[in-house]
>>> print(open('run12.pdb').read())   # PDB, C-alpha atoms
MODEL        1
ATOM      1  CA  MET X   1     -10.097  19.076 -31.810
ATOM      2  CA  THR X   2      -8.350  22.398 -31.238
ATOM      3  CA  LEU X   3      -5.598  23.113 -33.750
ATOM      4  CA  PRO X   4      -2.130  23.136 -32.187
ATOM      5  CA  PRO X   5      -0.412  26.520 -31.871
ATOM      6  CA  PRO X   6       2.707  27.270 -33.931
ATOM      7  CA  ASP X   7       4.951  26.636 -30.922
ATOM      8  CA  ALA X   8       3.289  23.336 -29.935
ATOM      9  CA  GLU X   9       6.429  21.229 -30.254
ATOM     10  CA  GLU X  10       8.446  23.787 -28.309
ATOM     11  CA  ARG X  11       5.909  23.637 -25.466
ATOM     12  CA  ARG X  12       5.988  19.835 -25.451
ATOM     13  CA  ALA X  13       9.779  19.854 -25.342
ATOM     14  CA  VAL X  14       9.948  21.662 -21.993
ATOM     15  CA  ALA X  15      11.877  19.409 -19.612
ATOM     16  CA  PRO X  16      10.018  18.024 -16.585
ATOM     17  CA  VAL X  17      10.843  18.985 -13.010
ATOM     18  CA  ILE X  18      10.528  16.536 -10.108
ATOM     19  CA  CYS X  19       7.800  17.924  -7.838
ATOM     20  CA  TYR X  20       9.252  16.615  -4.576
ATOM     21  CA  PRO X  21      13.006  16.053  -4.802
ATOM     22  CA  ASN X  22      13.592  13.504  -2.045
ATOM     23  CA  GLU X  23      17.328  13.793  -1.483
ATOM     24  CA  THR X  24      16.642  15.353   1.934
ATOM     25  CA  LEU X  25      14.014  12.778   2.890
ATOM     26  CA  PRO X  26      15.245  10.909   5.995
ATOM     27  CA  LYS X  27      16.674   7.611   4.801
ATOM     28  CA  PRO X  28      15.937   4.404   6.699
ATOM     29  CA  ASP X  29      18.920   2.534   8.101
ATOM     30  CA  LEU X  30      18.363  -0.725   6.200
ATOM     31  CA  PRO X  31      21.355  -2.577   7.696
ATOM     32  CA  PHE X  32      19.959  -1.772  11.161
ATOM     33  CA  TYR X  33      16.476  -3.010  10.225
ATOM     34  CA  ARG X  34      17.834  -6.140   8.558
ATOM     35  CA  ALA X  35      19.961  -6.979  11.584
ATOM     36  CA  ALA X  36      16.858  -6.639  13.763
ATOM     37  CA  LEU X  37      14.850  -8.778  11.324
ATOM     38  CA  ALA X  38      17.484 -11.516  11.556
ATOM     39  CA  THR X  39      16.624 -11.858  15.265
ATOM     40  CA  ALA X  40      12.839 -11.692  14.786
ATOM     41  CA  LYS X  41      10.518 -14.551  15.646
ATOM     42  CA  PRO X  42       6.861 -14.969  14.596
ATOM     43  CA  THR X  43       4.295 -13.964  17.205
ATOM     44  CA  ALA X  44       1.077 -14.040  15.156
ATOM     45  CA  GLU X  45      -0.187 -15.279  11.801
ATOM     46  CA  VAL X  46      -3.441 -14.751   9.939
ATOM     47  CA  LEU X  47      -4.735 -15.581   6.456
ATOM     48  CA  ALA X  48      -6.682 -13.280   4.176
ATOM     49  CA  GLN X  49      -8.931 -15.844   2.555
ATOM     50  CA  PRO X  50      -9.714 -15.572  -1.181
ATOM     51  CA  ARG X  51     -12.169 -12.728  -1.892
ATOM     52  CA  ASP X  52     -12.071 -11.731   1.766
ATOM     53  CA  ALA X  53      -9.924  -9.723   4.167
ATOM     54  CA  CYS X  54      -8.197 -10.111   7.517
ATOM     55  CA  SER X  55      -7.066  -7.634  10.153
ATOM     56  CA  PHE X  56      -3.907  -7.655  12.254
ATOM     57  CA  THR X  57      -2.034  -5.493  14.756
ATOM     58  CA  VAL X  58       1.683  -4.768  14.808
ATOM     59  CA  PRO X  59       3.434  -3.084  17.742
ATOM     60  CA  ALA X  60       5.923  -0.353  16.876
ATOM     61  CA  GLY X  61       9.337  -1.900  16.424
ATOM     62  CA  HIS X  62       7.985  -5.211  15.124
ATOM     63  CA  PHE X  63       7.802  -6.473  11.556
ATOM     64  CA  PHE X  64       4.951  -7.759   9.435
ATOM     65  CA  ARG X  65       5.328  -9.885   6.324
ATOM     66  CA  ILE X  66       2.792 -10.518   3.552
ATOM     67  CA  SER X  67       3.399 -13.740   1.626
ATOM     68  CA  SER X  68       1.975 -15.623  -1.330
ATOM     69  CA  VAL X  69       1.289 -19.136  -0.069
ATOM     70  CA  GLU X  70      -0.666 -21.100  -2.697
ATOM     71  CA  GLY X  71      -0.680 -19.270  -6.020
ATOM     72  CA  PRO X  72      -0.459 -15.855  -7.685
ATOM     73  CA  GLN X  73      -2.588 -13.396  -5.747
ATOM     74  CA  VAL X  74      -2.615  -9.647  -5.176
ATOM     75  CA  GLY X  75      -3.762  -7.867  -2.030
ATOM     76  CA  ASP X  76      -5.059  -4.448  -1.015
ATOM     77  CA  LEU X  77      -3.500  -3.090   2.183
ATOM     78  CA  ASN X  78      -4.860  -0.451   4.564
ATOM     79  CA  LEU X  79      -2.928   0.769   7.617
ATOM     80  CA  TRP X  80      -4.030   2.892  10.569
ATOM     81  CA  ASN X  81      -2.470   4.160  13.778
ATOM     82  CA  ALA X  82      -3.705   1.464  16.159
ATOM     83  CA  HIS X  83      -4.763   4.159  18.675
ATOM     84  CA  ASP X  84      -6.203   6.751  16.289
ATOM     85  CA  LEU X  85      -7.960   5.769  13.052
ATOM     86  CA  SER X  86      -7.708   9.349  11.778
ATOM     87  CA  GLU X  87      -3.995   8.728  11.165
ATOM     88  CA  ARG X  88      -3.924   6.382   8.213
ATOM     89  CA  PHE X  89      -1.834   5.442   5.215
ATOM     90  CA  TYR X  90      -1.639   8.283   2.661
ATOM     91  CA  SER X  91      -1.081   6.667  -0.724
ATOM     92  CA  GLY X  92      -1.067   9.962  -2.614
ATOM     93  CA  LYS X  93       1.754  11.496  -0.579
ATOM     94  CA  THR X  94       3.663   8.195  -0.609
ATOM     95  CA  ARG X  95       3.369   8.276  -4.407
ATOM     96  CA  ALA X  96       4.532  11.895  -4.554
ATOM     97  CA  LEU X  97       7.579  11.162  -2.383
ATOM     98  CA  HIS X  98       8.658   7.801  -3.805
ATOM     99  CA  GLY X  99       6.901   7.215  -7.138
ATOM    100  CA  THR X 100       4.017   5.149  -8.477
ATOM    101  CA  HIS X 101       5.359   1.866  -7.047
ATOM    102  CA  VAL X 102       7.303   1.173  -3.852
ATOM    103  CA  THR X 103       9.959  -1.339  -2.892
ATOM    104  CA  THR X 104      12.851  -1.995  -0.498
ATOM    105  CA  GLY X 105      14.040   1.063   1.452
ATOM    106  CA  GLU X 106      10.894   3.099   0.773
ATOM    107  CA  ARG X 107       8.197   4.006   3.258
ATOM    108  CA  LEU X 108       4.443   4.203   3.669
ATOM    109  CA  TRP X 109       3.570   7.679   4.955
ATOM    110  CA  SER X 110       0.634   8.740   7.111
ATOM    111  CA  SER X 111      -2.059  11.326   6.531
ATOM    112  CA  PHE X 112      -2.054  15.008   7.487
ATOM    113  CA  PRO X 113      -1.401  16.500   9.966
ATOM    114  CA  MET X 114       0.898  13.722  11.223
ATOM    115  CA  LEU X 115       2.725  12.955   7.935
ATOM    116  CA  ARG X 116       5.335  10.558   9.270
ATOM    117  CA  PRO X 117       6.566   7.080   8.313
ATOM    118  CA  MET X 118       4.117   4.356   9.294
ATOM    119  CA  ALA X 119       6.068   1.427   7.873
ATOM    120  CA  THR X 120       9.365   0.858   6.082
ATOM    121  CA  ILE X 121       9.838  -1.833   3.431
ATOM    122  CA  VAL X 122      12.804  -3.924   4.549
ATOM    123  CA  GLU X 123      12.562  -6.874   2.125
ATOM    124  CA  ASP X 124      10.784  -7.344  -1.200
ATOM    125  CA  SER X 125      11.308 -10.572  -3.128
ATOM    126  CA  LEU X 126       9.857  -8.945  -6.268
ATOM    127  CA  ASN X 127      12.248  -5.971  -6.370
ATOM    128  CA  TRP X 128      13.957  -7.663  -9.336
ATOM    129  CA  TYR X 129      10.938  -6.870 -11.543
ATOM    130  CA  GLY X 130      11.688  -3.198 -12.085
ATOM    131  CA  ILE X 131       9.687  -1.534 -14.883
ATOM    132  CA  ASP X 132       8.670  -3.736 -17.810
ATOM    133  CA  ALA X 133       8.282  -2.886 -21.491
ATOM    134  CA  PHE X 134       4.655  -1.827 -20.955
ATOM    135  CA  GLY X 135       5.569   0.562 -18.130
ATOM    136  CA  GLY X 136       4.264  -1.882 -15.532
ATOM    137  CA  SER X 137       5.735  -2.399 -12.078
ATOM    138  CA  VAL X 138       4.803  -4.069  -8.769
ATOM    139  CA  HIS X 139       3.320  -2.782  -5.450
ATOM    140  CA  ASP X 140       1.495   0.297  -6.683
ATOM    141  CA  VAL X 141       0.185   3.342  -4.857
ATOM    142  CA  ILE X 142      -1.889   4.578  -7.784
ATOM    143  CA  GLY X 143      -4.928   2.290  -7.820
ATOM    144  CA  THR X 144      -7.690   3.069  -5.348
ATOM    145  CA  ARG X 145      -9.078  -0.485  -4.640
ATOM    146  CA  CYS X 146     -11.890  -2.308  -6.425
ATOM    147  CA  ASP X 147     -15.227  -1.181  -5.009
ATOM    148  CA  PRO X 148     -18.968  -1.819  -5.420
ATOM    149  CA  TYR X 149     -19.772   1.773  -6.328
ATOM    150  CA  THR X 150     -17.653   1.840  -9.490
ATOM    151  CA  GLY X 151     -18.958  -1.621 -10.383
ATOM    152  CA  ASN X 152     -22.490  -0.335 -10.097
ATOM    153  CA  LEU X 153     -21.642   2.799 -12.071
ATOM    154  CA  LEU X 154     -20.040   0.922 -14.977
ATOM    155  CA  ALA X 155     -21.977  -2.344 -15.028
ATOM    156  CA  GLY X 156     -25.019  -1.993 -12.756
ATOM    157  CA  THR X 157     -23.728  -4.733 -10.428
ATOM    158  CA  GLN X 158     -24.202  -5.309  -6.697
ATOM    159  CA  TYR X 159     -20.922  -7.087  -5.894
ATOM    160  CA  HIS X 160     -20.018  -7.379  -2.213
ATOM    161  CA  HIS X 161     -16.609  -9.085  -2.142
ATOM    162  CA  CYS X 162     -14.517  -6.366  -3.761
ATOM    163  CA  CYS X 163     -11.575  -5.035  -1.768
ATOM    164  CA  HIS X 164     -13.372  -1.929  -0.496
ATOM    165  CA  SER X 165     -16.162  -3.998   1.057
ATOM    166  CA  ASN X 166     -13.727  -6.643   2.293
ATOM    167  CA  LEU X 167     -11.685  -3.990   4.117
ATOM    168  CA  ILE X 168     -14.823  -2.457   5.633
ATOM    169  CA  ARG X 169     -15.902  -5.816   7.046
ATOM    170  CA  ALA X 170     -12.404  -6.513   8.403
ATOM    171  CA  LEU X 171     -12.157  -3.119  10.128
ATOM    172  CA  ALA X 172     -15.711  -3.344  11.495
ATOM    173  CA  GLU X 173     -14.961  -6.742  13.009
ATOM    174  CA  ALA X 174     -11.583  -5.646  14.398
ATOM    175  CA  ARG X 175     -13.034  -2.567  16.105
ATOM    176  CA  GLY X 176     -16.512  -3.852  16.918
ATOM    177  CA  MET X 177     -18.171  -1.074  14.951
ATOM    178  CA  PRO X 178     -21.052  -1.090  12.463
ATOM    179  CA  LEU X 179     -20.239  -1.160   8.740
ATOM    180  CA  GLU X 180     -21.449   2.406   8.181
ATOM    181  CA  GLU X 181     -19.080   3.656  10.875
ATOM    182  CA  ALA X 182     -16.148   1.652   9.519
ATOM    183  CA  GLU X 183     -16.530   2.642   5.863
ATOM    184  CA  PRO X 184     -15.239   6.250   6.104
ATOM    185  CA  HIS X 185     -11.975   4.949   7.581
ATOM    186  CA  VAL X 186     -11.214   2.680   4.605
ATOM    187  CA  HIS X 187      -8.809   4.471   2.301
ATOM    188  CA  ASP X 188      -6.694   4.200  -0.840
ATOM    189  CA  VAL X 189      -4.394   1.227  -0.649
ATOM    190  CA  LEU X 190      -1.007  -0.212  -1.288
ATOM    191  CA  ASN X 191      -1.713  -2.782  -4.007
ATOM    192  CA  VAL X 192       0.587  -5.525  -2.750
ATOM    193  CA  PHE X 193       2.029  -7.742  -5.531
ATOM    194  CA  MET X 194      -0.195  -6.056  -8.156
ATOM    195  CA  CYS X 195       1.490  -5.225 -11.487
ATOM    196  CA  THR X 196       0.165  -1.977 -12.923
ATOM    197  CA  GLY X 197       0.985   1.109 -14.945
ATOM    198  CA  PHE X 198      -0.508   3.582 -17.397
ATOM    199  CA  ILE X 199      -1.250   3.027 -21.091
ATOM    200  CA  ARG X 200       1.012   5.487 -22.884
ATOM    201  CA  ASP X 201      -1.462   6.605 -25.574
ATOM    202  CA  THR X 202      -4.563   7.106 -23.407
ATOM    203  CA  GLY X 203      -3.160   7.497 -19.892
ATOM    204  CA  GLN X 204      -5.497   4.764 -18.615
ATOM    205  CA  TYR X 205      -4.588   2.751 -15.548
ATOM    206  CA  PHE X 206      -3.824  -0.866 -16.473
ATOM    207  CA  MET X 207      -3.211  -4.126 -14.661
ATOM    208  CA  LYS X 208      -1.553  -7.300 -15.875
ATOM    209  CA  ALA X 209      -0.794 -10.740 -14.487
ATOM    210  CA  SER X 210       1.216 -10.379 -11.297
ATOM    211  CA  PRO X 211       4.671 -11.989 -11.269
ATOM    212  CA  VAL X 212       4.089 -13.142  -7.660
ATOM    213  CA  ARG X 213       4.534 -16.851  -6.936
ATOM    214  CA  PRO X 214       4.259 -18.936  -3.752
ATOM    215  CA  GLY X 215       7.108 -17.968  -1.459
ATOM    216  CA  ASP X 216       7.279 -14.358  -2.623
ATOM    217  CA  GLN X 217       6.944 -11.861   0.205
ATOM    218  CA  ILE X 218       7.217  -8.241   1.219
ATOM    219  CA  THR X 219       8.318  -7.369   4.762
ATOM    220  CA  PHE X 220       7.663  -4.104   6.590
ATOM    221  CA  PHE X 221       9.002  -2.576   9.802
ATOM    222  CA  ALA X 222       6.253  -0.930  11.872
ATOM    223  CA  GLU X 223       7.393   2.582  12.760
ATOM    224  CA  ILE X 224       4.317   3.165  14.947
ATOM    225  CA  ASP X 225       1.694   0.887  16.521
ATOM    226  CA  LEU X 226      -0.345  -0.312  13.564
ATOM    227  CA  LEU X 227      -3.739  -1.768  12.811
ATOM    228  CA  GLY X 228      -3.756  -3.320   9.356
ATOM    229  CA  ALA X 229      -6.316  -4.868   7.032
ATOM    230  CA  LEU X 230      -5.456  -6.890   3.941
ATOM    231  CA  SER X 231      -7.907  -7.971   1.237
ATOM    232  CA  ALA X 232      -7.132 -10.920  -1.057
ATOM    233  CA  CYS X 233      -8.470  -9.284  -4.227
ATOM    234  CA  PRO X 234     -11.312 -11.072  -6.061
ATOM    235  CA  GLY X 235      -9.296 -10.555  -9.244
ATOM    236  CA  GLY X 236      -6.711 -13.151  -8.173
ATOM    237  CA  ASP X 237      -3.518 -12.236 -10.016
ATOM    238  CA  CYS X 238      -5.442  -9.457 -11.864
ATOM    239  CA  SER X 239      -4.573 -10.909 -15.270
ATOM    240  CA  ALA X 240      -8.095 -10.323 -16.574
ATOM    241  CA  GLN X 241     -10.495  -8.605 -14.169
ATOM    242  CA  HIS X 242     -10.930  -7.602 -10.552
ATOM    243  CA  SER X 243     -14.369  -7.902  -8.735
ATOM    244  CA  SER X 244     -15.114 -11.355 -10.046
ATOM    245  CA  ASP X 245     -16.312 -14.704  -8.746
ATOM    246  CA  THR X 246     -14.724 -16.451 -11.722
ATOM    247  CA  ALA X 247     -11.060 -15.455 -11.345
ATOM    248  CA  VAL X 248      -8.830 -18.022  -9.651
ATOM    249  CA  CYS X 249      -8.012 -16.660  -6.189
ATOM    250  CA  HIS X 250      -5.688 -17.726  -3.399
ATOM    251  CA  PRO X 251      -5.128 -16.704   0.243
ATOM    252  CA  LEU X 252      -2.423 -14.342   1.436
ATOM    253  CA  LYS X 253      -0.557 -14.834   4.704
ATOM    254  CA  VAL X 254       0.301 -12.066   7.169
ATOM    255  CA  GLU X 255       2.919 -12.789   9.833
ATOM    256  CA  VAL X 256       3.904 -10.498  12.703
ATOM    257  CA  LEU X 257       7.510 -10.897  13.883
ATOM    258  CA  ALA X 258       9.123  -9.568  17.066
ATOM    259  CA  PRO X 259      12.873  -8.814  17.118
ATOM    260  CA  ASP X 260      15.062  -9.150  20.174
ATOM    261  CA  ASP X 261      14.774  -6.087  22.407
ATOM    262  CA  SER X 262      18.517  -5.527  22.162
ATOM    263  CA  ALA X 263      18.303  -5.354  18.361
ATOM    264  CA  LEU X 264      16.345  -2.084  18.542
ATOM    265  CA  GLU X 265      18.653  -0.269  20.936
ATOM    266  CA  GLY X 266      18.674   3.439  20.034
ATOM    267  CA  TRP X 267      15.573   3.260  17.816
ATOM    268  CA  HIS X 268      12.590   5.521  18.510
ATOM    269  CA  SER X 269       9.192   5.736  16.859
ATOM    270  CA  PRO X 270       9.091   8.829  14.594
ATOM    271  CA  PRO X 271       7.350  11.916  15.979
ATOM    272  CA  VAL X 272       4.476  13.579  14.158
ATOM    273  CA  ASN X 273       5.343  16.178  11.542
ATOM    274  CA  GLY X 274       6.929  19.356  12.911
ATOM    275  CA  TYR X 275       4.821  21.890  10.977
ATOM    276  CA  ASP X 276       3.273  24.310  13.514
ATOM    277  CA  ARG X 277      -0.220  24.122  11.907
ATOM    278  CA  SER X 278      -0.723  27.917  12.078
ATOM    279  CA  HIS X 279      -1.545  28.000   8.340
ATOM    280  CA  GLY X 280      -0.516  31.619   8.046
ATOM    281  CA  LEU X 281      -2.680  33.017  10.867
TER     282      LEU X 281
ENDMDL
END
>>> encode(input="run12.pdb", output="structure tokens")
Amino acid sequence: MTLPPPDAEERRAVAPVICYPNETLPKPDLPFYRAALATAKPTAEVLAQPRDACSFTVPAGHFFRISSVEGPQVGDLNLWNAHDLSERFYSGKTRALHGTHVTTGERLWSSFPMLRPMATIVEDSLNWYGIDAFGGSVHDVIGTRCDPYTGNLLAGTQYHHCCHSNLIRALAEARGMPLEEAEPHVHDVLNVFMCTGFIRDTGQYFMKASPVRPGDQITFFAEIDLLGALSACPGGDCSAQHSSDTAVCHPLKVEVLAPDDSALEGWHSPPVNGYDRSHGL
């Protein structure tokens, strides 16, 4: 190990600077959204079965709600522009703008060059959890999704019901495309209900038993027309492992809710990002 320099402690003591101060980030009007939600009625419902995934569509101006219905279960969520799969949820930029975990009043942002809100979190029954003594919190945008490639790399396995594969199958079925065409569109996720953080000493990503219980839910407002896919992770509540046929798993419910037309008076879907895309030329 390299010996520390004489000024090592001075270097470590430099105060951090927030990379993306978000005071100027447009703030959602939560009272407006909640008033609209109070008028909303279910129009569709689908279950992500254990160790599998479902797809769903949400028109702009409608809500979708993910709920625990039988027991503790985490889910991996992908979102796309329903008319253009190249515009998809950008977990890295969402993390940079809001932090490692998201909750009520925060947004899921789309990929470049659009970079606009795709969905706004209006309700989160787990927002009481905060950050625990281990540095863990709920609904992370740091984990990538369990996948068969990492399983093969680390353990030589051929496991097909991890979240990556589940999402591929769901998208392929929703769009009538072959698996190899669907796979490049599957992207880093919002880990719904998952409790995660980083081990302080090693910096390793950790998971722990999710605090989610039947009846817990997270509700989003669709800012644009959305196609979604949700995988009920084969790790169940992720208390021990993920990519497993032995973990206890449960379904997750997705509901789509339509508000009264009058409740959205004055609301408009956000435009794409205003950068001129000249890139200095």
>>> resolve_selection(input="run12.pdb", expression="the PyMOL selection byres ((chain X and resi 136) around 7)", output="short mmCIF file (atom, residue, chain, number, x, y, z; two decimals) with C-alpha atoms, in the coordinates of the input")
data_model
loop_
_atom_site.label_atom_id
_atom_site.label_comp_id
_atom_site.auth_asym_id
_atom_site.auth_seq_id
_atom_site.Cartn_x
_atom_site.Cartn_y
_atom_site.Cartn_z
CA ILE X 131 9.69 -1.53 -14.88
CA ASP X 132 8.67 -3.74 -17.81
CA PHE X 134 4.66 -1.83 -20.96
CA GLY X 135 5.57 0.56 -18.13
CA SER X 137 5.74 -2.40 -12.08
CA CYS X 195 1.49 -5.22 -11.49
CA THR X 196 0.16 -1.98 -12.92
CA GLY X 197 0.98 1.11 -14.94
#
>>> resolve_selection(input="run12.pdb", expression="the PyMOL selection byres ((chain X and resi 264) around 12)", output="ChimeraX atom specification")
/X:29,31-40,60-63,221,223,258-263,265-269
>>> closest_residue(input="run12.pdb", among="X:Asn81, X:Thr2, X:Thr103, X:Gln73", to="X:Ile224", atoms="all atoms listed in the file")
X:Asn81
>>> atom_distance(input="run12.pdb", atom1="atom CA of X:Ala82", atom2="atom CA of X:Arg116")
14.6 Å
>>> atom_distance(input="run12.pdb", atom1="atom CA of X:Lys41", atom2="atom CA of X:Glu255")
9.7 Å
>>> closest_residue(input="run12.pdb", among="X:Asp188, X:Cys162, X:Ala182, X:Arg145", to="X:Lys93", atoms="only C-alpha atoms")
X:Asp188
>>> atom_distance(input="run12.pdb", atom1="atom CA of X:Trp109", atom2="atom CA of X:Leu85")
14.2 Å
>>> resolve_selection(input="run12.pdb", expression="the PyMOL selection byres ((chain X and resi 190) around 6)", output="JSON, numbers by chain")
{"X": [76, 77, 140, 141, 189, 191, 192]}
>>> residues_around(input="run12.pdb", residues="stretch 232-243 of chain X", least_positions_apart="6", cutoff="6 Å", atoms="only C-alpha atoms", output="list in words")
Ala48, Pro50, Arg51, Asp52, Pro72, Gln73, Val74, Gly75, Cys162, Cys163, Lys208, Ala209, Ser210 and Cys249 of chain X
>>> closest_residue(input="run12.pdb", among="X:Phe198, X:Thr43, X:Ser244, X:Glu180", to="X:Pro59", atoms="all atoms listed in the file")
X:Thr43
>>> closest_residue(input="run12.pdb", among="X:Leu153, X:Met114, X:Leu230, X:Leu30", to="X:Arg277", atoms="all atoms listed in the file")
X:Met114
>>> axis_aligned_box(input="run12.pdb", around="stretch 21-27 of chain X", padding_each_side="4 Å", output="AutoDock Vina command-line options")
--center_x 15.2 --center_y 11.8 --center_z 0.6 --size_x 12.3 --size_y 16.4 --size_z 18.8
>>> closest_residue(input="run12.pdb", among="X:Asp245, X:Asn78, X:Cys19, X:Glu183", to="X:His161", atoms="all atoms listed in the file")
X:Asp245
>>> closest_residue(input="run12.pdb", among="X:Ser67, X:Asn166, X:Thr104, X:Ser110", to="X:Glu87", atoms="all atoms listed in the file")
X:Ser110
>>> residues_around(input="run12.pdb", residues="X:Phe220", least_positions_apart="2", cutoff="7 Å", atoms="all atoms listed in the file", output="list in words")
Phe63, Phe64, Arg65, Ala119, Thr120, Ile121, Val122, Ile218 and Ala222 of chain X
>>> residues_around(input="run12.pdb", residues="X:Lys27", least_positions_apart="2", cutoff="10 Å", atoms="all atoms listed in the file", output="mmCIF file with C-alpha atoms, in the frame of the given file")
data_model
loop_
_atom_site.group_PDB
_atom_site.id
_atom_site.type_symbol
_atom_site.label_atom_id
_atom_site.label_comp_id
_atom_site.auth_asym_id
_atom_site.auth_seq_id
_atom_site.Cartn_x
_atom_site.Cartn_y
_atom_site.Cartn_z
ATOM 1 C CA ASN X 22 13.592 13.504 -2.045
ATOM 2 C CA GLU X 23 17.328 13.793 -1.483
ATOM 3 C CA THR X 24 16.642 15.353 1.934
ATOM 4 C CA LEU X 25 14.014 12.778 2.890
ATOM 5 C CA ASP X 29 18.920 2.534 8.101
ATOM 6 C CA LEU X 30 18.363 -0.725 6.200
ATOM 7 C CA GLY X 105 14.040 1.063 1.452
ATOM 8 C CA GLU X 106 10.894 3.099 0.773
ATOM 9 C CA ARG X 107 8.197 4.006 3.258
#
>>> residues_around(input="run12.pdb", residues="X:Leu167", least_positions_apart="4", cutoff="7 Å", atoms="all atoms listed in the file", output="list in words")
Ala53, Cys163, Leu171, Val186, Ala229, Leu230 and Ser231 of chain X
>>> residues_near_point(input="run12.pdb", point="(-9.7, -2.4, 15.1)", cutoff="10 Å", atoms="all atoms listed in the file", output="list of chain:residue names")
X:Ser55, X:Phe56, X:Thr57, X:Trp80, X:Asn81, X:Ala82, X:His83, X:Asp84, X:Leu85, X:Ala170, X:Leu171, X:Ala172, X:Glu173, X:Ala174, X:Arg175, X:Gly176, X:Met177, X:Ala182, X:Leu226, X:Leu227, X:Gly228, X:Ala229
>>> build_atoms(input="run12.pdb", residues="stretch 188-203 of chain X", atoms="N, CA and C atoms", output="mmCIF file, in the coordinates of the input")
data_model
loop_
_atom_site.group_PDB
_atom_site.id
_atom_site.type_symbol
_atom_site.label_atom_id
_atom_site.label_comp_id
_atom_site.auth_asym_id
_atom_site.auth_seq_id
_atom_site.Cartn_x
_atom_site.Cartn_y
_atom_site.Cartn_z
ATOM 1 N N ASP X 188 -7.475 4.689 0.289
ATOM 2 C CA ASP X 188 -6.694 4.200 -0.840
ATOM 3 C C ASP X 188 -5.538 3.350 -0.337
ATOM 4 N N VAL X 189 -5.172 2.370 -1.128
ATOM 5 C CA VAL X 189 -4.394 1.227 -0.649
ATOM 6 C C VAL X 189 -2.980 1.192 -1.209
ATOM 7 N N LEU X 190 -2.177 0.322 -0.608
ATOM 8 C CA LEU X 190 -1.007 -0.212 -1.288
ATOM 9 C C LEU X 190 -1.462 -1.498 -1.941
ATOM 10 N N ASN X 191 -1.346 -1.580 -3.267
ATOM 11 C CA ASN X 191 -1.713 -2.782 -4.007
ATOM 12 C C ASN X 191 -0.530 -3.749 -3.977
ATOM 13 N N VAL X 192 -0.521 -4.600 -2.965
ATOM 14 C CA VAL X 192 0.587 -5.525 -2.750
ATOM 15 C C VAL X 192 0.609 -6.572 -3.859
ATOM 16 N N PHE X 193 1.776 -6.762 -4.466
ATOM 17 C CA PHE X 193 2.029 -7.742 -5.531
ATOM 18 C C PHE X 193 1.349 -7.394 -6.860
ATOM 19 N N MET X 194 0.519 -6.369 -6.920
ATOM 20 C CA MET X 194 -0.195 -6.056 -8.156
ATOM 21 C C MET X 194 0.746 -5.386 -9.149
ATOM 22 N N CYS X 195 0.652 -5.781 -10.417
ATOM 23 C CA CYS X 195 1.490 -5.225 -11.487
ATOM 24 C C CYS X 195 0.638 -4.283 -12.330
ATOM 25 N N THR X 196 0.998 -3.013 -12.327
ATOM 26 C CA THR X 196 0.165 -1.977 -12.923
ATOM 27 C C THR X 196 1.021 -0.908 -13.601
ATOM 28 N N GLY X 197 0.339 -0.043 -14.328
ATOM 29 C CA GLY X 197 0.985 1.109 -14.945
ATOM 30 C C GLY X 197 -0.058 1.929 -15.677
ATOM 31 N N PHE X 198 0.389 2.748 -16.616
ATOM 32 C CA PHE X 198 -0.508 3.582 -17.397
ATOM 33 C C PHE X 198 -0.262 3.340 -18.885
ATOM 34 N N ILE X 199 -1.350 3.144 -19.638
ATOM 35 C CA ILE X 199 -1.250 3.027 -21.091
ATOM 36 C C ILE X 199 -0.715 4.343 -21.642
ATOM 37 N N ARG X 200 0.336 4.268 -22.432
ATOM 38 C CA ARG X 200 1.012 5.487 -22.884
ATOM 39 C C ARG X 200 0.107 6.377 -23.728
ATOM 40 N N ASP X 201 -0.676 5.798 -24.643
ATOM 41 C CA ASP X 201 -1.462 6.605 -25.574
ATOM 42 C C ASP X 201 -2.663 7.286 -24.924
ATOM 43 N N THR X 202 -3.327 6.588 -23.980
ATOM 44 C CA THR X 202 -4.563 7.106 -23.407
ATOM 45 C C THR X 202 -4.427 7.549 -21.962
ATOM 46 N N GLY X 203 -3.333 7.162 -21.294
ATOM 47 C CA GLY X 203 -3.160 7.497 -19.892
ATOM 48 C C GLY X 203 -3.993 6.649 -18.955
#
